[in-house]
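Listing of query.txt; format and content: compact mmCIF, N, CA and C atoms.
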```
# COMPACT_ATOMS: atom_id res chain seq x y z
N MET A 1 0.85 -1.16 0.00
CA MET A 1 0.00 0.00 0.00
C MET A 1 0.90 1.24 0.00
N ARG A 2 0.60 2.18 -0.89
CA ARG A 2 1.37 3.43 -1.01
C ARG A 2 0.44 4.62 -0.94
N GLU A 3 0.96 5.69 -0.34
CA GLU A 3 0.18 6.93 -0.27
C GLU A 3 1.15 8.10 -0.35
N THR A 4 0.81 9.09 -1.15
CA THR A 4 1.60 10.31 -1.24
C THR A 4 0.81 11.43 -0.57
N ILE A 5 1.49 12.15 0.31
CA ILE A 5 0.87 13.27 1.02
C ILE A 5 1.62 14.54 0.61
N GLU A 6 0.89 15.53 0.13
CA GLU A 6 1.50 16.81 -0.22
C GLU A 6 1.58 17.69 1.02
N GLU A 7 2.57 18.55 1.01
CA GLU A 7 2.77 19.51 2.11
C GLU A 7 1.49 20.30 2.35
N THR A 8 1.11 20.46 3.58
CA THR A 8 -0.07 21.19 4.07
C THR A 8 -1.40 20.54 3.67
N THR A 9 -1.39 19.25 3.35
CA THR A 9 -2.63 18.54 3.07
C THR A 9 -2.78 17.37 4.04
N VAL A 10 -3.89 16.66 3.90
CA VAL A 10 -4.17 15.50 4.76
C VAL A 10 -4.19 14.24 3.90
N GLY A 11 -3.38 13.25 4.29
CA GLY A 11 -3.35 11.98 3.58
C GLY A 11 -4.23 10.95 4.28
N ASP A 12 -4.55 9.90 3.55
CA ASP A 12 -5.35 8.80 4.09
C ASP A 12 -4.45 7.57 4.12
N LEU A 13 -3.98 7.22 5.31
CA LEU A 13 -3.11 6.06 5.46
C LEU A 13 -3.94 4.90 6.02
N ALA A 14 -4.45 4.06 5.13
CA ALA A 14 -5.27 2.89 5.48
C ALA A 14 -6.45 3.29 6.36
N GLY A 15 -7.11 4.39 5.99
CA GLY A 15 -8.30 4.82 6.72
C GLY A 15 -8.05 5.80 7.85
N THR A 16 -6.79 6.13 8.10
CA THR A 16 -6.45 7.11 9.14
C THR A 16 -6.02 8.41 8.47
N SER A 17 -6.65 9.50 8.84
CA SER A 17 -6.29 10.81 8.29
C SER A 17 -5.01 11.29 8.96
N VAL A 18 -4.01 11.62 8.14
CA VAL A 18 -2.71 12.08 8.65
C VAL A 18 -2.33 13.37 7.94
N PRO A 19 -2.40 14.50 8.65
CA PRO A 19 -1.98 15.77 8.06
C PRO A 19 -0.46 15.86 7.99
N MET A 20 0.03 16.58 6.97
CA MET A 20 1.45 16.91 6.91
C MET A 20 1.57 18.42 6.95
N ALA A 21 2.32 18.90 7.92
CA ALA A 21 2.55 20.34 8.05
C ALA A 21 3.68 20.73 7.10
N SER A 22 4.50 21.64 7.50
CA SER A 22 5.55 22.15 6.62
C SER A 22 6.67 21.15 6.38
N MET A 23 7.40 21.40 5.29
CA MET A 23 8.58 20.61 4.94
C MET A 23 9.78 21.56 4.89
N VAL A 24 10.97 20.98 5.08
CA VAL A 24 12.21 21.75 5.02
C VAL A 24 13.22 21.01 4.15
N PHE A 25 14.22 21.74 3.66
CA PHE A 25 15.25 21.16 2.80
C PHE A 25 16.30 20.39 3.60
N ASP A 26 16.61 20.85 4.80
CA ASP A 26 17.70 20.25 5.56
C ASP A 26 17.35 20.19 7.04
N GLY A 27 16.44 19.28 7.37
CA GLY A 27 16.05 19.10 8.77
C GLY A 27 16.57 17.78 9.30
N GLU A 28 16.52 17.63 10.60
CA GLU A 28 16.97 16.39 11.24
C GLU A 28 15.77 15.49 11.49
N TYR A 29 15.92 14.21 11.18
CA TYR A 29 14.87 13.24 11.41
C TYR A 29 15.49 11.87 11.66
N ALA A 30 14.69 10.95 12.19
CA ALA A 30 15.19 9.61 12.52
C ALA A 30 14.88 8.62 11.40
N LEU A 31 15.85 7.78 11.11
CA LEU A 31 15.65 6.65 10.20
C LEU A 31 14.94 5.53 10.95
N ALA A 32 14.55 4.49 10.25
CA ALA A 32 13.81 3.37 10.86
C ALA A 32 14.57 2.72 12.01
N ASP A 33 15.91 2.74 11.95
CA ASP A 33 16.71 2.11 13.02
C ASP A 33 17.01 3.06 14.18
N GLY A 34 16.46 4.28 14.11
CA GLY A 34 16.66 5.25 15.19
C GLY A 34 17.82 6.20 14.97
N THR A 35 18.66 5.94 13.96
CA THR A 35 19.78 6.81 13.64
C THR A 35 19.26 8.16 13.14
N LEU A 36 19.85 9.24 13.63
CA LEU A 36 19.47 10.57 13.17
C LEU A 36 20.24 10.92 11.90
N THR A 37 19.55 11.58 10.99
CA THR A 37 20.16 12.02 9.75
C THR A 37 19.56 13.38 9.37
N ARG A 38 20.06 13.97 8.31
CA ARG A 38 19.56 15.27 7.85
C ARG A 38 19.18 15.18 6.39
N GLY A 39 18.18 15.96 6.02
CA GLY A 39 17.76 16.01 4.63
C GLY A 39 16.36 16.57 4.52
N VAL A 40 15.76 16.40 3.34
CA VAL A 40 14.39 16.86 3.12
C VAL A 40 13.47 16.07 4.04
N CYS A 41 12.66 16.79 4.81
CA CYS A 41 11.74 16.12 5.73
C CYS A 41 10.54 17.03 6.00
N GLY A 42 9.52 16.43 6.59
CA GLY A 42 8.31 17.17 6.90
C GLY A 42 7.71 16.67 8.20
N VAL A 43 6.81 17.45 8.75
CA VAL A 43 6.15 17.08 10.00
C VAL A 43 4.85 16.35 9.68
N LEU A 44 4.78 15.08 10.08
CA LEU A 44 3.53 14.34 10.01
C LEU A 44 2.84 14.52 11.35
N VAL A 45 1.59 14.94 11.33
CA VAL A 45 0.88 15.23 12.57
C VAL A 45 0.28 13.93 13.10
N VAL A 46 1.15 13.18 13.78
CA VAL A 46 0.81 11.92 14.44
C VAL A 46 1.22 12.12 15.89
N GLY A 47 0.28 12.00 16.82
CA GLY A 47 0.60 12.32 18.21
C GLY A 47 0.96 13.78 18.31
N ASP A 48 2.14 14.07 18.87
CA ASP A 48 2.61 15.44 19.00
C ASP A 48 3.30 15.95 17.74
N GLY A 49 3.33 15.13 16.70
CA GLY A 49 4.01 15.48 15.45
C GLY A 49 5.36 14.82 15.39
N VAL A 50 5.72 14.36 14.22
CA VAL A 50 6.99 13.67 14.05
C VAL A 50 7.65 14.15 12.76
N TRP A 51 8.94 14.51 12.84
CA TRP A 51 9.70 14.87 11.64
C TRP A 51 10.07 13.58 10.95
N ALA A 52 9.75 13.47 9.66
CA ALA A 52 10.03 12.25 8.91
C ALA A 52 10.60 12.60 7.54
N GLY A 53 11.47 11.73 7.05
CA GLY A 53 12.06 11.88 5.73
C GLY A 53 12.35 10.50 5.17
N LYS A 54 12.99 10.43 4.02
CA LYS A 54 13.26 9.16 3.37
C LYS A 54 13.98 8.21 4.33
N GLY A 55 13.39 7.04 4.53
CA GLY A 55 13.98 6.04 5.43
C GLY A 55 13.36 6.01 6.81
N SER A 56 12.51 6.99 7.13
CA SER A 56 11.82 6.99 8.43
C SER A 56 10.74 5.92 8.44
N ALA A 57 10.45 5.40 9.62
CA ALA A 57 9.34 4.46 9.81
C ALA A 57 8.46 5.01 10.92
N ILE A 58 7.15 5.09 10.66
CA ILE A 58 6.20 5.66 11.61
C ILE A 58 5.08 4.66 11.83
N GLU A 59 4.75 4.41 13.08
CA GLU A 59 3.64 3.51 13.38
C GLU A 59 2.36 4.33 13.52
N ILE A 60 1.35 3.93 12.74
CA ILE A 60 0.07 4.61 12.76
C ILE A 60 -1.02 3.56 12.84
N ASP A 61 -1.76 3.57 13.95
CA ASP A 61 -2.84 2.60 14.17
C ASP A 61 -2.39 1.16 13.96
N GLY A 62 -1.24 0.81 14.52
CA GLY A 62 -0.75 -0.56 14.49
C GLY A 62 -0.10 -0.99 13.19
N ARG A 63 0.04 -0.07 12.26
CA ARG A 63 0.66 -0.39 10.97
C ARG A 63 1.91 0.48 10.81
N THR A 64 3.00 -0.12 10.34
CA THR A 64 4.23 0.63 10.14
C THR A 64 4.29 1.16 8.71
N TRP A 65 4.50 2.46 8.60
CA TRP A 65 4.64 3.14 7.32
C TRP A 65 6.08 3.60 7.16
N THR A 66 6.68 3.33 6.02
CA THR A 66 8.05 3.75 5.74
C THR A 66 8.03 4.84 4.66
N VAL A 67 8.77 5.90 4.90
CA VAL A 67 8.88 6.97 3.91
C VAL A 67 9.85 6.50 2.83
N VAL A 68 9.36 6.35 1.61
CA VAL A 68 10.20 5.88 0.51
C VAL A 68 10.71 7.03 -0.36
N GLU A 69 10.08 8.20 -0.24
CA GLU A 69 10.55 9.37 -0.98
C GLU A 69 10.03 10.63 -0.32
N ALA A 70 10.87 11.67 -0.30
CA ALA A 70 10.48 12.99 0.21
C ALA A 70 11.11 14.02 -0.71
N ARG A 71 10.29 14.91 -1.27
CA ARG A 71 10.78 15.91 -2.22
C ARG A 71 10.29 17.30 -1.87
N LYS A 72 11.16 18.27 -2.09
CA LYS A 72 10.82 19.68 -1.85
C LYS A 72 11.66 20.50 -2.81
N GLU A 73 11.02 21.44 -3.51
CA GLU A 73 11.72 22.36 -4.40
C GLU A 73 11.43 23.79 -3.95
N ARG A 74 12.40 24.65 -4.13
CA ARG A 74 12.22 26.05 -3.73
C ARG A 74 11.00 26.65 -4.43
N GLY A 75 10.16 27.30 -3.63
CA GLY A 75 9.00 27.98 -4.17
C GLY A 75 7.82 27.08 -4.49
N LYS A 76 7.95 25.78 -4.21
CA LYS A 76 6.86 24.83 -4.50
C LYS A 76 6.56 24.01 -3.25
N MET A 77 5.36 23.47 -3.21
CA MET A 77 4.99 22.58 -2.12
C MET A 77 5.72 21.26 -2.29
N GLY A 78 6.10 20.66 -1.18
CA GLY A 78 6.77 19.38 -1.22
C GLY A 78 5.78 18.24 -1.06
N TRP A 79 6.30 17.01 -1.08
CA TRP A 79 5.45 15.84 -0.90
C TRP A 79 6.28 14.68 -0.37
N MET A 80 5.59 13.72 0.19
CA MET A 80 6.22 12.56 0.80
C MET A 80 5.40 11.32 0.41
N THR A 81 6.09 10.26 0.01
CA THR A 81 5.42 9.00 -0.30
C THR A 81 5.77 7.98 0.77
N LEU A 82 4.72 7.37 1.32
CA LEU A 82 4.88 6.35 2.37
C LEU A 82 4.37 5.01 1.85
N GLU A 83 4.95 3.94 2.38
CA GLU A 83 4.57 2.60 1.95
C GLU A 83 4.41 1.69 3.16
N SER A 84 3.43 0.81 3.10
CA SER A 84 3.19 -0.16 4.17
C SER A 84 2.84 -1.50 3.53
N ALA A 85 3.24 -2.58 4.20
CA ALA A 85 2.95 -3.92 3.68
C ALA A 85 1.48 -4.25 3.78
```
Show this structure as structure tokens.
Amino acid sequence: MRETIEETTVGDLAGTSVPMASMVFDGEYALADGTLTRGVCGVLVVGDGVWAGKGSAIEIDGRTWTVVEARKERGKMGWMTLESA
């Protein structure tokens, strides 16, 4: 299952509404193994909000979603694609 969420919109992750707030070009976020890295990332409004980027894994309603792509261009809205088994 794949879902793309655009910056400042709400995505539907297997029936759960997940808003994405702003994105940045060079923010810090955690990879699936907990290692911190920097790059394009955005805030997924899950709980208190979580910074996520390519390689992040987020648990939402008992399902793990992995960010497979995160893109942001100057002057344009960004987007993030998540995948779950």
- Pick from A:Gly42, A:Val18, A:Gly34, A:Arg63: nearest to Trp79 of chain A, with only N, CA and C atoms counted?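 The shortest atom-to-atom distance to Trp79 of chain A comes from A:Gly42.
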- Task: Enter the distance from atom C of Glu73 of chain A to atom N of Thr37 of chain A, in Å, rounded to one decimal.
- Result: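 Taking atom C of Glu73 of chain A and atom N of Thr37 of chain A, their separation equals 20.9 Å.
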Determine, using all atoms listed in the file, which residues of segment 17-61 of chain A have any atom at most 8 Å from an atom of segment 6-13 of chain A, and tabulate each with its shortest atom pair and distance in Å to one decimal place, rows ordered by chain and then rising number, as a Markdown table.
```
| residue | atom | partner | partner_atom | distance |
| --- | --- | --- | --- | --- |
| A:Ser17 | CA | A:Gly11 | C | 4.5 |
| A:Val18 | C | A:Gly11 | N | 3.8 |
| A:Pro19 | CA | A:Val10 | CA | 4.0 |
| A:Met20 | C | A:Thr8 | N | 4.0 |
| A:Ala21 | C | A:Thr8 | N | 4.4 |
| A:Ser22 | N | A:Thr8 | N | 5.3 |
| A:Met23 | N | A:Glu7 | CA | 5.9 |
| A:Gly42 | CA | A:Glu7 | CA | 7.7 |
| A:Ile60 | C | A:Leu13 | C | 7.5 |
```
- Message: What's around Arg38 of chain A at 7 Å? Count all atoms listed in the file, leave out sequence neighbours fewer than 4 positions away in its own chain, and write the answer as a ChimeraX atom specification.
- Response: /A:25-29
Limited to N, CA and C atoms, could you put the picked residues into a file as an mmCIF file, in the coordinates of the input?
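Result went into again16.cif, see below:
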```cif
data_model
loop_
_atom_site.group_PDB
_atom_site.id
_atom_site.type_symbol
_atom_site.label_atom_id
_atom_site.label_comp_id
_atom_site.auth_asym_id
_atom_site.auth_seq_id
_atom_site.Cartn_x
_atom_site.Cartn_y
_atom_site.Cartn_z
ATOM 1 N N PHE A 25 14.220 21.740 3.660
ATOM 2 C CA PHE A 25 15.250 21.160 2.800
ATOM 3 C C PHE A 25 16.300 20.390 3.600
ATOM 4 N N ASP A 26 16.610 20.850 4.800
ATOM 5 C CA ASP A 26 17.700 20.250 5.560
ATOM 6 C C ASP A 26 17.350 20.190 7.040
ATOM 7 N N GLY A 27 16.440 19.280 7.370
ATOM 8 C CA GLY A 27 16.050 19.100 8.770
ATOM 9 C C GLY A 27 16.570 17.780 9.300
ATOM 10 N N GLU A 28 16.520 17.630 10.600
ATOM 11 C CA GLU A 28 16.970 16.390 11.240
ATOM 12 C C GLU A 28 15.770 15.490 11.490
ATOM 13 N N TYR A 29 15.920 14.210 11.180
ATOM 14 C CA TYR A 29 14.870 13.240 11.410
ATOM 15 C C TYR A 29 15.490 11.870 11.660
#
```
- Just give me the gap between atom CA of Lys54 of chain A and atom N of Ala14 of chain A in Å, one decimal is fine.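 Straight-line distance from atom CA of Lys54 of chain A to atom N of Ala14 of chain A works out to 18.5 Å.
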- Task: One decimal, Å: what's the distance from atom C of Val43 of chain A over to atom C of Met1 of chain A, could you say?
- Result: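 Separating atom C of Val43 of chain A from atom C of Met1 of chain A is a distance of 18.4 Å.
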- Query: Which of these residues is nearest to Gly15 of chain A, using only C-alpha atoms: A:Glu3, A:Thr35, A:Ala57, A:Val67?
  - Reply: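 Distance minimum relative to Gly15 of chain A lands on A:Glu3.
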- Would you mind writing down, as a PyMOL selection string, each residue of chain A that DSSP on the backbone assigns to strand (DSSP E or B)? chain A and resi 2-6+10-13+16-30+36-44+50-53+57-60+63-71+79-83
- Item | Nearest to Trp65 of chain A, chosen from A:Leu82, A:Leu44, A:Ala32, A:Val24, with only C-alpha atoms counted in the distances |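 Of the candidates, the smallest distance to Trp65 of chain A is held by A:Leu82.
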- Query: Of the candidates A:Thr16, A:Asp48, A:Leu31, A:Gly39, which shows the shortest atom-to-atom distance to Asp61 of chain A, using all atoms listed in the file?
  - Reply: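 For Asp61 of chain A, the nearest of the candidates is A:Thr16.
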- Message: So, with only N, CA and C atoms as the atoms that count, which of A:Thr64, A:Ser56, A:Thr4, A:Thr81 lies closest to Ala30 of chain A?
- Response: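 Looking only at the distances to Ala30 of chain A, the closest residue turns out to be A:Ser56.
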Edge lengths and centre in Å, axis-aligned, segment 13-32 of chain A plus 6 Å each side, as JSON:
```
{"center_x": 4.7, "center_y": 12.4, "center_z": 7.7, "size_x": 38.0, "size_y": 31.4, "size_z": 21.7}
```
- Item | Met80 of chain A environment, 5 Å, all atoms listed in the file, sequence neighbours closer than 4 positions dropped, as a list in words |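 Counting all atoms listed in the file, the residues come to Thr4, Ile5, Glu69 and Ala70 of chain A.
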